[in-house]
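Student: This one is coords_11.cif, mmCIF, C-alpha atoms.
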```
data_entry
loop_
_atom_site.label_atom_id
_atom_site.label_comp_id
_atom_site.auth_asym_id
_atom_site.auth_seq_id
_atom_site.Cartn_x
_atom_site.Cartn_y
_atom_site.Cartn_z
CA MET A 1 -19.09 -17.17 -4.28
CA THR A 2 -21.47 -14.62 -5.72
CA SER A 3 -20.55 -10.97 -5.77
CA ASN A 4 -23.22 -10.09 -3.19
CA VAL A 5 -22.03 -12.79 -0.79
CA ALA A 6 -18.38 -11.75 -1.28
CA ALA A 7 -19.28 -8.12 -0.54
CA VAL A 8 -20.99 -9.12 2.72
CA TYR A 9 -17.99 -11.21 3.84
CA LYS A 10 -15.61 -8.41 2.87
CA ARG A 11 -17.50 -5.95 5.09
CA LEU A 12 -17.35 -8.42 7.99
CA TYR A 13 -13.61 -9.03 7.51
CA ARG A 14 -12.93 -5.28 7.36
CA LYS A 15 -14.76 -4.74 10.63
CA LYS A 16 -12.99 -7.68 12.30
CA ILE A 17 -9.50 -6.67 11.16
CA ARG A 18 -10.02 -3.01 12.12
CA THR A 19 -10.97 -4.17 15.64
CA VAL A 20 -7.90 -6.42 15.84
CA LEU A 21 -5.63 -3.61 14.59
CA LEU A 22 -6.83 -1.37 17.41
CA ARG A 23 -5.39 -3.91 19.86
CA LEU A 24 -1.89 -3.75 18.39
CA THR A 25 0.35 -1.76 20.69
CA PRO A 26 2.48 1.04 19.24
CA HIS A 27 5.52 -1.07 20.16
CA ASP A 28 4.21 -4.06 18.16
CA GLN A 29 3.31 -1.82 15.21
CA LYS A 30 6.78 -0.30 15.12
CA LYS A 31 8.51 -3.66 15.58
CA GLN A 32 6.53 -5.30 12.77
CA SER A 33 6.73 -2.25 10.48
CA ASP A 34 10.51 -2.11 10.92
CA ALA A 35 10.82 -5.86 10.29
CA VAL A 36 8.74 -5.64 7.09
CA CYS A 37 10.70 -2.64 5.82
CA ARG A 38 14.10 -4.25 6.58
CA GLN A 39 13.01 -7.41 4.77
CA ILE A 40 12.02 -5.39 1.70
CA ILE A 41 15.15 -3.24 1.73
CA ARG A 42 17.30 -6.41 1.68
CA ASP A 43 15.27 -7.97 -1.14
CA PRO A 44 17.14 -8.15 -4.48
CA ASP A 45 13.97 -7.36 -6.48
CA PHE A 46 13.41 -4.22 -4.43
CA ARG A 47 17.05 -3.19 -4.88
CA LYS A 48 16.80 -3.65 -8.67
CA ALA A 49 13.72 -1.45 -8.98
CA LYS A 50 14.80 1.95 -10.31
CA ALA A 51 11.45 3.58 -9.52
CA VAL A 52 9.22 2.61 -6.59
CA CYS A 53 5.77 3.87 -5.63
CA VAL A 54 5.15 3.60 -1.90
CA TYR A 55 1.92 4.38 -0.06
CA SER A 56 1.96 6.89 2.78
CA ALA A 57 0.63 4.96 5.76
CA LEU A 58 -2.38 5.62 7.90
CA PRO A 59 -1.72 5.06 11.63
CA SER A 60 -3.17 1.53 11.45
CA GLU A 61 -1.04 0.46 8.45
CA VAL A 62 2.50 -0.85 8.17
CA GLN A 63 4.59 2.31 8.31
CA THR A 64 6.59 2.97 5.14
CA ARG A 65 8.82 5.95 5.88
CA MET A 66 11.88 3.69 6.19
CA LEU A 67 11.22 2.40 2.65
CA MET A 68 10.78 5.92 1.29
CA LYS A 69 14.08 7.02 2.83
CA SER A 70 15.83 3.96 1.43
CA VAL A 71 14.65 4.71 -2.12
CA ILE A 72 15.73 8.35 -1.93
CA ARG A 73 19.10 7.54 -0.30
CA SER A 74 19.90 5.03 -3.05
CA ASN A 75 19.27 7.65 -5.76
CA ARG A 76 16.24 5.90 -7.18
CA LYS A 77 12.94 7.53 -8.02
CA LEU A 78 10.29 7.60 -5.31
CA PHE A 79 6.63 8.08 -6.19
CA LEU A 80 3.66 8.42 -3.88
CA PRO A 81 -0.03 8.28 -4.71
CA ARG A 82 -2.30 11.28 -4.21
CA VAL A 83 -6.05 10.76 -3.74
CA GLN A 84 -8.38 12.72 -6.01
CA SER A 85 -11.55 12.67 -3.89
CA LYS A 86 -13.82 14.26 -6.49
CA THR A 87 -13.06 11.61 -9.12
CA ARG A 88 -12.35 8.81 -6.60
CA SER A 89 -9.06 8.17 -8.34
CA LEU A 90 -5.31 8.20 -7.70
CA ASP A 91 -2.52 10.17 -9.34
CA ILE A 92 1.15 9.61 -8.65
CA PHE A 93 3.86 12.17 -8.08
CA GLU A 94 7.62 12.00 -7.78
CA VAL A 95 8.86 12.89 -4.30
CA ARG A 96 12.47 13.97 -3.80
CA ASN A 97 12.40 15.33 -0.26
CA LEU A 98 10.16 13.84 2.43
CA SER A 99 10.30 16.97 4.60
CA ARG A 100 9.36 19.48 1.93
CA ASP A 101 7.37 17.55 -0.68
CA LEU A 102 4.60 16.05 1.48
CA LYS A 103 1.56 17.68 3.04
CA SER A 104 -1.59 16.45 4.73
CA GLY A 105 -4.16 15.42 2.14
CA SER A 106 -7.23 13.24 1.84
CA PHE A 107 -7.99 11.10 4.89
CA ASP A 108 -5.19 13.01 6.71
CA ILE A 109 -2.60 11.00 4.79
CA LEU A 110 0.69 12.69 3.93
CA GLU A 111 0.54 13.12 0.16
CA PRO A 112 2.76 14.72 -2.47
CA ASP A 113 2.28 18.45 -2.80
CA PRO A 114 1.26 18.90 -6.46
CA VAL A 115 2.86 22.35 -6.47
CA ARG A 116 6.27 20.95 -5.48
CA CYS A 117 6.14 17.50 -7.08
CA ARG A 118 6.04 16.33 -10.68
CA GLN A 119 3.00 14.30 -11.65
CA ALA A 120 4.19 11.05 -13.19
CA HIS A 121 2.84 8.43 -15.53
CA PRO A 122 2.24 5.00 -13.93
CA ASP A 123 4.47 3.35 -16.56
CA GLU A 124 7.46 5.02 -14.91
CA VAL A 125 7.09 2.79 -11.83
CA ASP A 126 8.91 -0.57 -11.57
CA LEU A 127 7.44 -1.68 -8.24
CA TRP A 128 4.29 -0.71 -6.34
CA ILE A 129 4.07 -1.03 -2.55
CA ILE A 130 0.36 -0.92 -1.64
CA PRO A 131 -1.68 -1.14 1.55
CA GLY A 132 -4.62 -3.31 2.45
CA ILE A 133 -6.87 -4.16 5.36
CA ALA A 134 -5.99 -7.84 4.91
CA PHE A 135 -4.24 -10.25 2.54
CA ASP A 136 -4.02 -13.98 2.03
CA LEU A 137 -1.11 -16.13 0.86
CA GLN A 138 -2.52 -16.29 -2.67
CA GLY A 139 -2.09 -12.51 -3.00
CA ARG A 140 -5.74 -11.63 -2.64
CA ARG A 141 -6.12 -8.18 -1.13
CA LEU A 142 -8.93 -6.68 0.92
CA GLY A 143 -8.83 -2.91 0.61
CA ARG A 144 -10.69 -0.28 2.59
CA GLY A 145 -13.74 -0.55 0.33
CA ALA A 146 -13.51 2.62 -1.74
CA GLY A 147 -11.85 0.91 -4.72
CA TYR A 148 -9.09 3.49 -5.34
CA PHE A 149 -6.34 0.93 -5.94
CA ASP A 150 -8.67 -1.53 -7.71
CA ARG A 151 -9.68 1.10 -10.29
CA PHE A 152 -6.12 2.38 -10.65
CA PHE A 153 -4.59 -1.03 -11.33
CA GLU A 154 -7.27 -2.26 -13.75
CA LYS A 155 -5.44 -0.09 -16.32
CA LEU A 156 -2.06 -1.60 -15.30
CA PRO A 157 -2.55 -5.36 -15.36
CA LYS A 158 1.19 -6.12 -15.54
CA ALA A 159 2.22 -3.81 -12.69
CA ARG A 160 4.34 -5.54 -10.05
CA LYS A 161 2.56 -5.05 -6.71
CA TRP A 162 3.62 -5.93 -3.19
CA GLY A 163 1.29 -5.69 -0.20
CA LEU A 164 2.46 -4.96 3.34
CA ALA A 165 0.74 -6.34 6.41
CA TYR A 166 0.97 -6.94 10.11
CA ARG A 167 0.67 -10.61 11.14
CA VAL A 168 -2.94 -10.08 12.23
CA GLN A 169 -3.85 -8.91 8.71
CA MET A 170 -3.04 -12.27 7.14
CA LEU A 171 -6.12 -14.42 6.55
CA PRO A 172 -6.44 -17.97 5.22
CA GLN A 173 -8.63 -16.80 2.35
CA ILE A 174 -10.17 -13.51 1.29
CA PRO A 175 -13.44 -13.42 -0.66
CA ILE A 176 -12.97 -11.58 -3.93
CA GLU A 177 -15.00 -9.96 -6.65
CA ASP A 178 -14.03 -9.60 -10.31
CA HIS A 179 -12.69 -6.06 -9.85
CA ASP A 180 -10.44 -6.84 -6.85
CA VAL A 181 -6.71 -6.34 -7.31
CA HIS A 182 -4.31 -9.12 -6.35
CA VAL A 183 -0.73 -8.48 -5.27
CA ASP A 184 2.25 -10.44 -6.51
CA ARG A 185 3.72 -10.76 -3.06
CA VAL A 186 2.75 -10.10 0.56
CA ILE A 187 5.36 -9.14 3.14
CA ALA A 188 3.99 -9.51 6.66
CA GLY A 189 5.52 -8.64 10.01
CA GLY A 190 6.64 -11.66 11.99
CA ARG A 191 6.59 -14.00 9.00
#
```
Output the file's structure in the form of structure tokens.

Tutor:
Amino acid sequence: MTSNVAAVYKRLYRKKIRTVLLRLTPHDQKKQSDAVCRQIIRDPDFRKAKAVCVYSALPSEVQTRMLMKSVIRSNRKLFLPRVQSKTRSLDIFEVRNLSRDLKSGSFDILEPDPVRCRQAHPDEVDLWIIPGIAFDLQGRRLGRGAGYFDRFFEKLPKARKWGLAYRVQMLPQIPIEDHDVHVDRVIAGGR
């Protein structure tokens, strides 16, 4: 598939999945988010990770607060990304207290407060939990289209990445372009 054709299909899939996500009830979102988070918390690979970077969820994404709390409670290091809109890039910061260390940032996402939190180097992270609009079983990821995670991870080819999804975000196959980031594992609600 050529890059132009893939880009067209990706736009169509984004639109379709966003429409489907709007139909998920708050009850279904919570139920699936909780199921995904419990599955991850029980996972031996997650438990072994000494430092975990977790995305702060938009309302339409699998909610991750349970994961964040689990990392902090188990005395491991928790990192969250912070969007740098001017450079269209991500930085990561260590978060120790969810109540005090986060504030509303880009796209109204709760992000680390750079005044309160230490900026970290990506090499400090053992496991990355990242969002997506959709995933397939081969680990292909469809992001929101701005390329923040794709650009970030091109410098970290060996980073261990897990994607979180609701059932409706799982597709048979996602068209990809050369720059698209794959995840090593997808954890989906109801699977």

Student: Might you spell out which residues the PyMOL selection byres ((chain A and resi 96-102) around 8) would select in the displayed file, as an mmCIF file with C-alpha atoms, in the coordinates of the input?

Tutor:
```cif
data_model
loop_
_atom_site.group_PDB
_atom_site.id
_atom_site.type_symbol
_atom_site.label_atom_id
_atom_site.label_comp_id
_atom_site.auth_asym_id
_atom_site.auth_seq_id
_atom_site.Cartn_x
_atom_site.Cartn_y
_atom_site.Cartn_z
ATOM 1 C CA LYS A 69 14.080 7.020 2.830
ATOM 2 C CA ILE A 72 15.730 8.350 -1.930
ATOM 3 C CA LYS A 77 12.940 7.530 -8.020
ATOM 4 C CA LEU A 78 10.290 7.600 -5.310
ATOM 5 C CA GLU A 94 7.620 12.000 -7.780
ATOM 6 C CA VAL A 95 8.860 12.890 -4.300
ATOM 7 C CA LYS A 103 1.560 17.680 3.040
ATOM 8 C CA SER A 104 -1.590 16.450 4.730
ATOM 9 C CA LEU A 110 0.690 12.690 3.930
ATOM 10 C CA GLU A 111 0.540 13.120 0.160
ATOM 11 C CA PRO A 112 2.760 14.720 -2.470
ATOM 12 C CA ASP A 113 2.280 18.450 -2.800
ATOM 13 C CA ARG A 116 6.270 20.950 -5.480
ATOM 14 C CA CYS A 117 6.140 17.500 -7.080
#
```

Student: On this file, the PyMOL selection byres ((chain A and resi 129) around 7) gives some set of residues; write that set as a PDB file with C-alpha atoms, in the frame of the given file.

Tutor:
```
ATOM      1  CA  CYS A  53       5.770   3.870  -5.630  1.00  0.00           C
ATOM      2  CA  VAL A  54       5.150   3.600  -1.900  1.00  0.00           C
ATOM      3  CA  TYR A  55       1.920   4.380  -0.060  1.00  0.00           C
ATOM      4  CA  LEU A 127       7.440  -1.680  -8.240  1.00  0.00           C
ATOM      5  CA  TRP A 128       4.290  -0.710  -6.340  1.00  0.00           C
ATOM      6  CA  ILE A 130       0.360  -0.920  -1.640  1.00  0.00           C
ATOM      7  CA  LYS A 161       2.560  -5.050  -6.710  1.00  0.00           C
ATOM      8  CA  TRP A 162       3.620  -5.930  -3.190  1.00  0.00           C
ATOM      9  CA  GLY A 163       1.290  -5.690  -0.200  1.00  0.00           C
TER      10      GLY A 163
END
```

Student: In Å, rounded to a single decimal, give me how far atom CA of Met68 of chain A is from atom CA of Pro44 of chain A.

Tutor: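 Spanning atom CA of Pro44 of chain A to atom CA of Met68 of chain A is a straight-line distance of 16.5 Å.
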
Student: Need to verify the contact set: Tyr148 of chain A, 7 Å, all atoms listed in the file, exclusion of same-chain residues closer than 2 positions in sequence. Can you return it as number ranges by chain?

Tutor: A: 88-90, 146, 150-152

Student: Given all atoms listed in the file as the basis, pick out the residue of A:Val125, A:Ile109, A:Ser60, A:Leu156 nearest to Thr19 of chain A.

Tutor: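 Closest residue, counting all atoms listed in the file: A:Ser60.
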
Student: Pull out every residue that the PyMOL selection byres ((chain A and resi 82) around 8) matches in the shown coordinates and put them as number ranges by chain.

Tutor: A: 80-81, 83-84, 90-93, 105, 111-112

Student: Could you state the separation of atom CA of Ile176 of chain A and atom CA of Leu21 of chain A in Å, given to one decimal place?

Tutor: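 Taking atom CA of Ile176 of chain A and atom CA of Leu21 of chain A, their separation equals 21.5 Å.
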
Student: I need the residue nearest Leu164 of chain A from this list: A:Val71, A:Val183, A:Ile41, A:Val62. Use all atoms listed in the file for the distance.

Tutor: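 Closest residue, counting all atoms listed in the file: A:Val62.
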
Student: Would you pick out the contacts of Met66 of chain A at 10 Å or less, using only C-alpha atoms, so that residues sharing its chain but fewer than 5 positions from it are not included, and give the list as a list in words?

Tutor: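 Non-adjacent residues within range: Ser33, Asp34, Val36, Cys37, Arg38, Ile41 and Val71 of chain A.
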
Student: Counting only C-alpha atoms, figure out which residue out of A:Thr87, A:Asp123, A:Glu61, A:Ser70 gets nearest to Leu24 of chain A.

Tutor: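 That would be A:Glu61, the residue with the smallest distance to Leu24 of chain A.
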
Student: Give me, as a PyMOL selection string, all polymer residues having an atom no more than 12 Å from Gln173 of chain A, counting all atoms listed in the file and skipping those fewer than 3 positions away in the same chain.

Tutor: chain A and resi 6+9-10+13+134-142+169-170+176

Student: Write a file of the selected residues as a PDB file, keeping the file's coordinate frame, keeping C-alpha atoms.

Tutor:
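Saved file out-v5.pdb follows:
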```pdb
ATOM      1  CA  ALA A   6     -18.380 -11.750  -1.280  1.00  0.00           C
ATOM      2  CA  TYR A   9     -17.990 -11.210   3.840  1.00  0.00           C
ATOM      3  CA  LYS A  10     -15.610  -8.410   2.870  1.00  0.00           C
ATOM      4  CA  TYR A  13     -13.610  -9.030   7.510  1.00  0.00           C
ATOM      5  CA  ALA A 134      -5.990  -7.840   4.910  1.00  0.00           C
ATOM      6  CA  PHE A 135      -4.240 -10.250   2.540  1.00  0.00           C
ATOM      7  CA  ASP A 136      -4.020 -13.980   2.030  1.00  0.00           C
ATOM      8  CA  LEU A 137      -1.110 -16.130   0.860  1.00  0.00           C
ATOM      9  CA  GLN A 138      -2.520 -16.290  -2.670  1.00  0.00           C
ATOM     10  CA  GLY A 139      -2.090 -12.510  -3.000  1.00  0.00           C
ATOM     11  CA  ARG A 140      -5.740 -11.630  -2.640  1.00  0.00           C
ATOM     12  CA  ARG A 141      -6.120  -8.180  -1.130  1.00  0.00           C
ATOM     13  CA  LEU A 142      -8.930  -6.680   0.920  1.00  0.00           C
ATOM     14  CA  GLN A 169      -3.850  -8.910   8.710  1.00  0.00           C
ATOM     15  CA  MET A 170      -3.040 -12.270   7.140  1.00  0.00           C
ATOM     16  CA  ILE A 176     -12.970 -11.580  -3.930  1.00  0.00           C
TER      17      ILE A 176
END
```

Student: With all atoms listed in the file as the atoms that count, which of A:Arg118, A:Leu67, A:Ile133, A:Lys155 lies nearest to Ala35 of chain A?

Tutor: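 Among the listed residues, the smallest separation from Ala35 of chain A belongs to A:Leu67.
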
Student: Using all atoms listed in the file, can you tell me which of A:Pro59, A:Pro157, A:Pro175, A:Gly189 comes closest to Leu12 of chain A?

Tutor: A:Pro175

Student: Could you check how far atom CA of Arg144 of chain A sits from atom CA of Lys15 of chain A, in Å to one decimal?

Tutor: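 A separation of 10.1 Å between them.
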
Student: Rank nothing, just name the residue among A:Val181, A:Ile174, A:Ala51, A:Ile187 nearest to Arg14 of chain A, using only C-alpha atoms.

Tutor: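 Residue with the minimum atom-to-atom distance to Arg14 of chain A: A:Ile174.
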
Student: Mind checking which residues fall within 10 Å of Leu58 of chain A, counting all atoms listed in the file, ignoring those fewer than 5 positions away in the same chain, and posting them as a PyMOL selection string?

Tutor: chain A and resi 63-64+107-110+131

Student: Could you write segment 8-43 of chain A as an mmCIF file, keeping the file's coordinate frame, with N, CA and C atoms rebuilt where they are missing?

Tutor:
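The new file part26.cif reads:
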```
data_model
loop_
_atom_site.group_PDB
_atom_site.id
_atom_site.type_symbol
_atom_site.label_atom_id
_atom_site.label_comp_id
_atom_site.auth_asym_id
_atom_site.auth_seq_id
_atom_site.Cartn_x
_atom_site.Cartn_y
_atom_site.Cartn_z
ATOM 1 N N VAL A 8 -20.581 -9.009 1.316
ATOM 2 C CA VAL A 8 -20.990 -9.120 2.720
ATOM 3 C C VAL A 8 -19.812 -9.618 3.560
ATOM 4 N N TYR A 9 -19.143 -10.669 3.103
ATOM 5 C CA TYR A 9 -17.990 -11.210 3.840
ATOM 6 C C TYR A 9 -16.868 -10.176 3.930
ATOM 7 N N LYS A 10 -16.661 -9.430 2.860
ATOM 8 C CA LYS A 10 -15.610 -8.410 2.870
ATOM 9 C C LYS A 10 -15.889 -7.356 3.939
ATOM 10 N N ARG A 11 -17.142 -6.929 4.044
ATOM 11 C CA ARG A 11 -17.500 -5.950 5.090
ATOM 12 C C ARG A 11 -17.226 -6.519 6.486
ATOM 13 N N LEU A 12 -17.580 -7.784 6.693
ATOM 14 C CA LEU A 12 -17.350 -8.420 7.990
ATOM 15 C C LEU A 12 -15.859 -8.525 8.300
ATOM 16 N N TYR A 13 -15.060 -8.936 7.311
ATOM 17 C CA TYR A 13 -13.610 -9.030 7.510
ATOM 18 C C TYR A 13 -13.001 -7.664 7.803
ATOM 19 N N ARG A 14 -13.448 -6.631 7.102
ATOM 20 C CA ARG A 14 -12.930 -5.280 7.360
ATOM 21 C C ARG A 14 -13.182 -4.878 8.810
ATOM 22 N N LYS A 15 -14.398 -5.110 9.263
ATOM 23 C CA LYS A 15 -14.760 -4.740 10.630
ATOM 24 C C LYS A 15 -13.905 -5.526 11.631
ATOM 25 N N LYS A 16 -13.767 -6.822 11.389
ATOM 26 C CA LYS A 16 -12.990 -7.680 12.300
ATOM 27 C C LYS A 16 -11.531 -7.244 12.347
ATOM 28 N N ILE A 17 -10.923 -7.037 11.201
ATOM 29 C CA ILE A 17 -9.500 -6.670 11.160
ATOM 30 C C ILE A 17 -9.277 -5.293 11.771
ATOM 31 N N ARG A 18 -10.166 -4.351 11.500
ATOM 32 C CA ARG A 18 -10.020 -3.010 12.120
ATOM 33 C C ARG A 18 -10.035 -3.122 13.649
ATOM 34 N N THR A 19 -10.898 -3.968 14.180
ATOM 35 C CA THR A 19 -10.970 -4.170 15.640
ATOM 36 C C THR A 19 -9.666 -4.778 16.150
ATOM 37 N N VAL A 20 -9.151 -5.763 15.443
ATOM 38 C CA VAL A 20 -7.900 -6.420 15.840
ATOM 39 C C VAL A 20 -6.730 -5.431 15.761
ATOM 40 N N LEU A 21 -6.716 -4.591 14.740
ATOM 41 C CA LEU A 21 -5.630 -3.610 14.590
ATOM 42 C C LEU A 21 -5.610 -2.618 15.748
ATOM 43 N N LEU A 22 -6.767 -2.296 16.279
ATOM 44 C CA LEU A 22 -6.830 -1.370 17.410
ATOM 45 C C LEU A 22 -6.138 -1.937 18.645
ATOM 46 N N ARG A 23 -6.026 -3.255 18.713
ATOM 47 C CA ARG A 23 -5.390 -3.910 19.860
ATOM 48 C C ARG A 23 -3.870 -3.988 19.737
ATOM 49 N N LEU A 24 -3.342 -3.725 18.554
ATOM 50 C CA LEU A 24 -1.890 -3.750 18.390
ATOM 51 C C LEU A 24 -1.286 -2.575 19.153
ATOM 52 N N THR A 25 -0.295 -2.843 19.949
ATOM 53 C CA THR A 25 0.350 -1.760 20.690
ATOM 54 C C THR A 25 1.255 -0.977 19.741
ATOM 55 N N PRO A 26 1.525 0.277 20.062
ATOM 56 C CA PRO A 26 2.480 1.040 19.240
ATOM 57 C C PRO A 26 3.829 0.334 19.122
ATOM 58 N N HIS A 27 4.252 -0.329 20.196
ATOM 59 C CA HIS A 27 5.520 -1.070 20.160
ATOM 60 C C HIS A 27 5.456 -2.196 19.125
ATOM 61 N N ASP A 28 4.362 -2.977 19.134
ATOM 62 C CA ASP A 28 4.210 -4.060 18.160
ATOM 63 C C ASP A 28 4.128 -3.529 16.730
ATOM 64 N N GLN A 29 3.407 -2.417 16.546
ATOM 65 C CA GLN A 29 3.310 -1.820 15.210
ATOM 66 C C GLN A 29 4.685 -1.425 14.698
ATOM 67 N N LYS A 30 5.453 -0.748 15.550
ATOM 68 C CA LYS A 30 6.780 -0.300 15.120
ATOM 69 C C LYS A 30 7.690 -1.500 14.844
ATOM 70 N N LYS A 31 7.656 -2.472 15.737
ATOM 71 C CA LYS A 31 8.510 -3.660 15.580
ATOM 72 C C LYS A 31 8.187 -4.386 14.266
ATOM 73 N N GLN A 32 6.912 -4.603 13.997
ATOM 74 C CA GLN A 32 6.530 -5.300 12.770
ATOM 75 C C GLN A 32 6.770 -4.448 11.530
ATOM 76 N N SER A 33 6.475 -3.147 11.621
ATOM 77 C CA SER A 33 6.730 -2.250 10.480
ATOM 78 C C SER A 33 8.219 -2.256 10.129
ATOM 79 N N ASP A 34 9.059 -2.119 11.155
ATOM 80 C CA ASP A 34 10.510 -2.110 10.920
ATOM 81 C C ASP A 34 10.973 -3.434 10.308
ATOM 82 N N ALA A 35 10.437 -4.549 10.808
ATOM 83 C CA ALA A 35 10.820 -5.860 10.290
ATOM 84 C C ALA A 35 10.422 -6.008 8.814
ATOM 85 N N VAL A 36 9.211 -5.571 8.485
ATOM 86 C CA VAL A 36 8.740 -5.640 7.090
ATOM 87 C C VAL A 36 9.632 -4.773 6.205
ATOM 88 N N CYS A 37 9.896 -3.560 6.639
ATOM 89 C CA CYS A 37 10.700 -2.640 5.820
ATOM 90 C C CYS A 37 12.128 -3.168 5.643
ATOM 91 N N ARG A 38 12.728 -3.694 6.710
ATOM 92 C CA ARG A 38 14.100 -4.250 6.580
ATOM 93 C C ARG A 38 14.110 -5.425 5.611
ATOM 94 N N GLN A 39 13.088 -6.264 5.678
ATOM 95 C CA GLN A 39 13.010 -7.410 4.770
ATOM 96 C C GLN A 39 12.938 -6.934 3.315
ATOM 97 N N ILE A 40 12.147 -5.914 3.066
ATOM 98 C CA ILE A 40 12.020 -5.390 1.700
ATOM 99 C C ILE A 40 13.311 -4.749 1.245
ATOM 100 N N ILE A 41 13.928 -3.952 2.099
ATOM 101 C CA ILE A 41 15.150 -3.240 1.730
ATOM 102 C C ILE A 41 16.264 -4.224 1.357
ATOM 103 N N ARG A 42 16.290 -5.389 2.002
ATOM 104 C CA ARG A 42 17.300 -6.410 1.680
ATOM 105 C C ARG A 42 16.956 -7.215 0.431
ATOM 106 N N ASP A 43 15.736 -7.137 -0.022
ATOM 107 C CA ASP A 43 15.270 -7.970 -1.140
ATOM 108 C C ASP A 43 15.918 -7.546 -2.458
#
```
